[in-house]
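Peer 1: Let me begin by handing over the structure; questions about it come next.
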Amino acid sequence: MMREDLVFGPIHSRRLGSSLGINLLPQKGKICNFDCIYCECGWNKDGHGDHVLPTAAELRRDLTAKLQECRAAGTPIDSITFSGDGEPTLNPDFAEIIDITLALRDAYYPEAKVSVLSNATRVGREDVFRALQKVDNPILKIDAPTDALVARINQPQCDYSVRQVVEDLKRFEGNFILQTMFLKSPDFDSSDPESLEGWMEIVRELRPREIMVYTIDRETPMKGLQKFTVEQMRELVRPLLDEGFRIQIKG
Ligand code: SF4
């Protein structure tokens with residue numbers, strides 16, 4: 001999912017409506033501190049060697065231009081979503097960029113919701129935590145409940161401890177959206193009791209205001225991965241649905 005522009009769209013999404021995208025990663029490459037076996041941007045090693053990250057000043061310029069253009073054309077914008085080729089919080093200007101984006105949103109499209117998709121590895125940093133707390137939808141990933149399982153599915157390239165991330169996420173007091181990928185690979189299966197029950201315990205501990213469960217959709221860097229159907233995923237999360245958790249399931 002390589003995108004040339006720092007600000008792209010708006011594209012129409014069933015869930016988000018008319019959505020502007022922001023890619024805080026290099027224009028021609030992927031930068032992430034995970035290397036998920038299912039990543040739609042491919043393996044980290046296959047990035048194109050472009051390590052130039054957009055700055056806060058560039059974001060201000062491009063987002064202002066795009067919002068002005070959309071407003072002049074009468075184009076509706078329902079959401080502004082940070083979801084680029086990698087992990088947006090790795091951009092050193094991330095916190096400043098969130099402030100700029102929220103101010104521009106307030107000025108041009110006050111009804112639009114700002115969302116950030118992040119792998120949650122950096123929520124322990126105070127500036128990242130505070131920035132994520134300010135946006136309407138911090139969408140934060142936990143795919144597996146133990147470091148050994150995370151190693152198989154997300155392949156962290158950084159110091160990572162699920163326990164530490166859970167402790168850091170507790171500071172949101174449930175005011176975030178948990179995102180979890182369900183899939184089967186030769187050595188990882190989201191429906192294994194070790195994975196599923198451990199993950200459900202984390203959900204109960206964190207009580208996120210919403211959970212987004214999804215499965216593979218496009219080509220993946222690891223071959224031979226299998227997806228789940230919506231019905232299968234609904235059965236897998238049934239105990240949580242019965243306990244009243246709000247869960248969006250995307251096939
Ligand atoms: S966290 Fe997201 S961008 Fe990073 S490797 Fe995983 S799927 Fe790709």
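Labeling convention for the structure tokens: chains A, B, ... as they appear, residues from 1 per chain, ligands from 1 in order of appearance.
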As an mmCIF file with N, CA and C atoms, in the first residue's frame, please: every residue in region 13-134 of chain A that a backbone DSSP assignment puts in helix (DSSP H, G or I).

Peer 2:
```
data_model
loop_
_atom_site.group_PDB
_atom_site.id
_atom_site.type_symbol
_atom_site.label_atom_id
_atom_site.label_comp_id
_atom_site.auth_asym_id
_atom_site.auth_seq_id
_atom_site.Cartn_x
_atom_site.Cartn_y
_atom_site.Cartn_z
ATOM 1 N N ASN A 44 9.995 -5.269 6.054
ATOM 2 C CA ASN A 44 10.819 -4.058 6.243
ATOM 3 C C ASN A 44 12.021 -4.055 5.298
ATOM 4 N N LYS A 45 12.629 -5.224 5.121
ATOM 5 C CA LYS A 45 13.865 -5.282 4.333
ATOM 6 C C LYS A 45 13.618 -4.951 2.853
ATOM 7 N N ASP A 46 12.368 -5.061 2.418
ATOM 8 C CA ASP A 46 12.056 -4.760 1.022
ATOM 9 C C ASP A 46 11.627 -3.316 0.801
ATOM 10 N N ALA A 56 6.869 18.291 10.450
ATOM 11 C CA ALA A 56 5.641 18.976 10.883
ATOM 12 C C ALA A 56 5.319 20.132 9.934
ATOM 13 N N ALA A 57 6.336 20.850 9.477
ATOM 14 C CA ALA A 57 6.094 21.992 8.579
ATOM 15 C C ALA A 57 5.509 21.519 7.247
ATOM 16 N N GLU A 58 6.021 20.401 6.745
ATOM 17 C CA GLU A 58 5.482 19.868 5.480
ATOM 18 C C GLU A 58 4.033 19.406 5.653
ATOM 19 N N LEU A 59 3.777 18.788 6.795
ATOM 20 C CA LEU A 59 2.411 18.324 7.051
ATOM 21 C C LEU A 59 1.468 19.525 7.115
ATOM 22 N N ARG A 60 1.892 20.568 7.815
ATOM 23 C CA ARG A 60 1.041 21.760 7.922
ATOM 24 C C ARG A 60 0.720 22.312 6.520
ATOM 25 N N ARG A 61 1.753 22.404 5.698
ATOM 26 C CA ARG A 61 1.578 22.938 4.347
ATOM 27 C C ARG A 61 0.625 22.059 3.527
ATOM 28 N N ASP A 62 0.888 20.766 3.494
ATOM 29 C CA ASP A 62 0.100 19.877 2.628
ATOM 30 C C ASP A 62 -1.327 19.686 3.136
ATOM 31 N N LEU A 63 -1.484 19.599 4.455
ATOM 32 C CA LEU A 63 -2.836 19.384 4.980
ATOM 33 C C LEU A 63 -3.671 20.649 4.815
ATOM 34 N N THR A 64 -3.059 21.809 5.030
ATOM 35 C CA THR A 64 -3.794 23.066 4.823
ATOM 36 C C THR A 64 -4.256 23.155 3.375
ATOM 37 N N ALA A 65 -3.354 22.870 2.450
ATOM 38 C CA ALA A 65 -3.706 22.963 1.023
ATOM 39 C C ALA A 65 -4.847 22.003 0.690
ATOM 40 N N LYS A 66 -4.755 20.787 1.198
ATOM 41 C CA LYS A 66 -5.791 19.789 0.894
ATOM 42 C C LYS A 66 -7.140 20.187 1.495
ATOM 43 N N LEU A 67 -7.128 20.663 2.723
ATOM 44 C CA LEU A 67 -8.394 21.032 3.365
ATOM 45 C C LEU A 67 -9.015 22.241 2.664
ATOM 46 N N GLN A 68 -8.174 23.183 2.252
ATOM 47 C CA GLN A 68 -8.695 24.358 1.529
ATOM 48 C C GLN A 68 -9.314 23.930 0.206
ATOM 49 N N GLU A 69 -8.595 23.040 -0.481
ATOM 50 C CA GLU A 69 -9.069 22.555 -1.786
ATOM 51 C C GLU A 69 -10.412 21.821 -1.624
ATOM 52 N N CYS A 70 -10.502 20.962 -0.616
ATOM 53 C CA CYS A 70 -11.737 20.193 -0.406
ATOM 54 C C CYS A 70 -12.883 21.127 -0.032
ATOM 55 N N ARG A 71 -12.584 22.095 0.820
ATOM 56 C CA ARG A 71 -13.666 22.997 1.239
ATOM 57 C C ARG A 71 -14.161 23.816 0.048
ATOM 58 N N ALA A 72 -13.229 24.287 -0.772
ATOM 59 C CA ALA A 72 -13.623 25.088 -1.939
ATOM 60 C C ALA A 72 -14.476 24.256 -2.903
ATOM 61 N N ALA A 73 -14.185 22.973 -2.988
ATOM 62 C CA ALA A 73 -14.917 22.103 -3.918
ATOM 63 C C ALA A 73 -16.190 21.536 -3.284
ATOM 64 N N PRO A 88 3.285 5.301 12.487
ATOM 65 C CA PRO A 88 3.305 6.766 12.474
ATOM 66 C C PRO A 88 3.988 7.402 13.687
ATOM 67 N N THR A 89 3.943 6.735 14.837
ATOM 68 C CA THR A 89 4.532 7.369 16.031
ATOM 69 C C THR A 89 6.056 7.380 15.982
ATOM 70 N N LEU A 90 6.654 6.696 15.002
ATOM 71 C CA LEU A 90 8.112 6.754 14.851
ATOM 72 C C LEU A 90 8.560 8.085 14.247
ATOM 73 N N PHE A 94 5.818 13.511 15.586
ATOM 74 C CA PHE A 94 4.451 12.984 15.730
ATOM 75 C C PHE A 94 3.561 13.856 16.630
ATOM 76 N N ALA A 95 4.033 14.185 17.832
ATOM 77 C CA ALA A 95 3.183 14.924 18.782
ATOM 78 C C ALA A 95 2.814 16.299 18.217
ATOM 79 N N GLU A 96 3.784 16.961 17.616
ATOM 80 C CA GLU A 96 3.519 18.275 17.034
ATOM 81 C C GLU A 96 2.549 18.153 15.856
ATOM 82 N N ILE A 97 2.727 17.108 15.077
ATOM 83 C CA ILE A 97 1.855 16.881 13.921
ATOM 84 C C ILE A 97 0.407 16.653 14.359
ATOM 85 N N ILE A 98 0.225 15.947 15.452
ATOM 86 C CA ILE A 98 -1.144 15.738 15.954
ATOM 87 C C ILE A 98 -1.755 17.081 16.350
ATOM 88 N N ASP A 99 -0.994 17.920 17.035
ATOM 89 C CA ASP A 99 -1.524 19.235 17.423
ATOM 90 C C ASP A 99 -1.905 20.057 16.197
ATOM 91 N N ILE A 100 -1.055 20.042 15.189
ATOM 92 C CA ILE A 100 -1.338 20.801 13.962
ATOM 93 C C ILE A 100 -2.604 20.259 13.295
ATOM 94 N N THR A 101 -2.688 18.939 13.210
ATOM 95 C CA THR A 101 -3.836 18.314 12.547
ATOM 96 C C THR A 101 -5.143 18.647 13.265
ATOM 97 N N LEU A 102 -5.114 18.596 14.586
ATOM 98 C CA LEU A 102 -6.339 18.883 15.336
ATOM 99 C C LEU A 102 -6.744 20.351 15.151
ATOM 100 N N ALA A 103 -5.760 21.242 15.126
ATOM 101 C CA ALA A 103 -6.075 22.665 14.948
ATOM 102 C C ALA A 103 -6.650 22.907 13.544
ATOM 103 N N LEU A 104 -6.072 22.275 12.529
ATOM 104 C CA LEU A 104 -6.577 22.454 11.159
ATOM 105 C C LEU A 104 -7.968 21.821 11.017
ATOM 106 N N ARG A 105 -8.129 20.664 11.628
ATOM 107 C CA ARG A 105 -9.463 20.033 11.617
ATOM 108 C C ARG A 105 -10.494 21.001 12.214
ATOM 109 N N ASP A 106 -10.179 21.575 13.382
ATOM 110 C CA ASP A 106 -11.118 22.495 14.040
ATOM 111 C C ASP A 106 -11.440 23.686 13.139
ATOM 112 N N ALA A 107 -10.440 24.137 12.398
ATOM 113 C CA ALA A 107 -10.628 25.330 11.562
ATOM 114 C C ALA A 107 -11.438 25.031 10.299
ATOM 115 N N TYR A 108 -11.216 23.861 9.694
ATOM 116 C CA TYR A 108 -11.820 23.608 8.377
ATOM 117 C C TYR A 108 -12.991 22.616 8.406
ATOM 118 N N GLU A 126 5.887 9.540 26.949
ATOM 119 C CA GLU A 126 4.910 10.526 27.407
ATOM 120 C C GLU A 126 4.345 11.368 26.245
ATOM 121 N N ASP A 127 5.217 11.813 25.323
ATOM 122 C CA ASP A 127 4.716 12.675 24.235
ATOM 123 C C ASP A 127 3.772 11.898 23.306
ATOM 124 N N VAL A 128 4.108 10.639 23.047
ATOM 125 C CA VAL A 128 3.252 9.819 22.180
ATOM 126 C C VAL A 128 1.920 9.532 22.878
ATOM 127 N N PHE A 129 1.989 9.185 24.159
ATOM 128 C CA PHE A 129 0.766 8.901 24.915
ATOM 129 C C PHE A 129 -0.162 10.121 24.908
ATOM 130 N N ARG A 130 0.395 11.286 25.202
ATOM 131 C CA ARG A 130 -0.453 12.483 25.280
ATOM 132 C C ARG A 130 -1.048 12.828 23.918
ATOM 133 N N ALA A 131 -0.275 12.646 22.869
ATOM 134 C CA ALA A 131 -0.791 12.926 21.522
ATOM 135 C C ALA A 131 -1.927 11.955 21.185
ATOM 136 N N LEU A 132 -1.739 10.677 21.488
ATOM 137 C CA LEU A 132 -2.770 9.687 21.169
ATOM 138 C C LEU A 132 -4.039 9.922 21.988
ATOM 139 N N GLN A 133 -3.864 10.444 23.197
ATOM 140 C CA GLN A 133 -5.023 10.732 24.039
ATOM 141 C C GLN A 133 -5.878 11.866 23.474
ATOM 142 N N LYS A 134 -5.258 12.748 22.688
ATOM 143 C CA LYS A 134 -5.991 13.912 22.181
ATOM 144 C C LYS A 134 -6.854 13.578 20.967
#
```

Peer 1: Write out as an MDAnalysis selection string each polymer residue (protein, DNA or RNA) that has an atom no more than 7 Å from ligand 1, with only C-alpha atoms and all ligand atoms counted.

Peer 2: chainID A and resid 32:36 38:41 85:87 118:119 154

Peer 1: Go ahead and write the selection's residues with C-alpha atoms as an mmCIF file, in the first residue's frame.

Peer 2:
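Dumped to result-v1.cif:
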```
data_model
loop_
_atom_site.group_PDB
_atom_site.id
_atom_site.type_symbol
_atom_site.label_atom_id
_atom_site.label_comp_id
_atom_site.auth_asym_id
_atom_site.auth_seq_id
_atom_site.Cartn_x
_atom_site.Cartn_y
_atom_site.Cartn_z
ATOM 1 C CA CYS A 32 8.197 0.081 11.253
ATOM 2 C CA ASN A 33 9.513 -1.363 14.497
ATOM 3 C CA PHE A 34 7.344 -4.434 13.916
ATOM 4 C CA ASP A 35 7.650 -6.624 10.821
ATOM 5 C CA CYS A 36 4.269 -8.351 10.868
ATOM 6 C CA TYR A 38 0.721 -10.056 7.324
ATOM 7 C CA CYS A 39 1.840 -6.440 6.716
ATOM 8 C CA GLU A 40 0.262 -5.010 3.565
ATOM 9 C CA CYS A 41 3.359 -2.831 3.090
ATOM 10 C CA ASP A 85 3.503 2.689 5.258
ATOM 11 C CA GLY A 86 4.701 1.835 8.737
ATOM 12 C CA GLU A 87 4.348 3.086 12.297
ATOM 13 C CA SER A 118 -0.568 2.460 15.705
ATOM 14 C CA ASN A 119 1.101 -0.743 16.825
ATOM 15 C CA ASN A 154 4.649 -9.248 14.696
#
```

Peer 1: Any idea what's packed within 8 Å of region 230-236 of chain A, counting only C-alpha atoms, ignoring anything in its chain fewer than 4 positions away? Could you give it as an NGL selection string?

Peer 2: :A and (182 or 191 or 196 or 213 or 249-251)

Peer 1: Can you spit out the residues from that selection as a compact mmCIF listing (two decimals), in the first residue's frame, using N, CA and C atoms?

Peer 2:
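Written out: selection-v1.txt:
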```
# COMPACT_ATOMS: atom_id res chain seq x y z
N PHE A 182 -6.73 -11.47 13.30
CA PHE A 182 -6.94 -12.91 13.49
C PHE A 182 -6.49 -13.63 12.21
N SER A 191 -6.79 -18.72 16.89
CA SER A 191 -7.85 -19.46 17.58
C SER A 191 -7.31 -20.50 18.56
N LEU A 196 -5.95 -17.19 22.13
CA LEU A 196 -7.29 -16.59 22.25
C LEU A 196 -7.63 -16.24 23.70
N VAL A 213 -11.74 -6.39 15.37
CA VAL A 213 -11.12 -7.67 15.02
C VAL A 213 -11.18 -7.79 13.51
N ILE A 249 -16.30 -6.54 13.75
CA ILE A 249 -15.62 -7.67 13.11
C ILE A 249 -15.58 -7.43 11.61
N LYS A 250 -14.37 -7.44 11.07
CA LYS A 250 -14.22 -7.09 9.66
C LYS A 250 -13.56 -8.25 8.91
N GLY A 251 -14.29 -8.81 7.94
CA GLY A 251 -13.78 -9.96 7.21
C GLY A 251 -12.92 -9.56 6.03
```

Peer 1: What's the separation between CA of Leu225 (chain A) and CA of Asn137 (chain A), in Å to one decimal place?

Peer 2: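 Here the two named atoms are 28.9 Å from each other.
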
Peer 1: What residues in region 136-204 of chain A get the DSSP label strand (DSSP E)? Please answer as a PyMOL selection string.

Peer 2: chain A and resi 137-141+177-182+184-185+188-189

Peer 1: Identify, on the basis of only C-alpha atoms, every residue whose closest approach to region 75-80 of chain A does not exceed 7 Å; exclude the query and any residue fewer than 6 positions from it along the same chain; express the result as a PyMOL selection string.

Peer 2: chain A and resi 16-21+109+111-115

Peer 1: Between A:Arg209, A:Arg15, A:Arg125, A:His48, which residue has the minimum interatomic distance to Arg246 (chain A), considering only C-alpha atoms?

Peer 2: A:Arg209

Peer 1: Can you pull out every residue within 10 Å of Val203 (chain A), counting only C-alpha atoms, but drop anything in the same chain fewer than 2 positions away, and send it as number ranges by chain?

Peer 2: A: 142, 145, 166, 174, 178, 197-201, 205-208, 210-211, 240, 245

Peer 1: Could you write out the selected residues, including C-alpha atoms, as a short mmCIF file (atom, residue, chain, number, x, y, z; two decimals), in the first residue's frame?

Peer 2:
```
data_model
loop_
_atom_site.label_atom_id
_atom_site.label_comp_id
_atom_site.auth_asym_id
_atom_site.auth_seq_id
_atom_site.Cartn_x
_atom_site.Cartn_y
_atom_site.Cartn_z
CA ILE A 142 -2.31 -6.14 20.31
CA PRO A 145 -0.92 -12.16 24.55
CA VAL A 166 -0.72 -3.50 28.64
CA GLY A 174 -10.46 2.24 28.30
CA LEU A 178 -8.04 -2.13 20.45
CA GLU A 197 -7.79 -16.93 25.98
CA GLY A 198 -4.71 -14.90 26.84
CA TRP A 199 -5.87 -12.15 24.48
CA MET A 200 -9.36 -12.15 26.01
CA GLU A 201 -7.82 -11.76 29.47
CA GLU A 205 -8.00 -6.05 31.90
CA LEU A 206 -7.99 -3.05 29.56
CA ARG A 207 -11.73 -2.74 28.84
CA PRO A 208 -11.26 -0.75 25.60
CA GLU A 210 -14.30 -0.71 21.27
CA ILE A 211 -12.46 -3.65 19.74
CA LEU A 240 -16.53 -11.09 25.07
CA PHE A 245 -17.83 -5.65 24.86
#
```
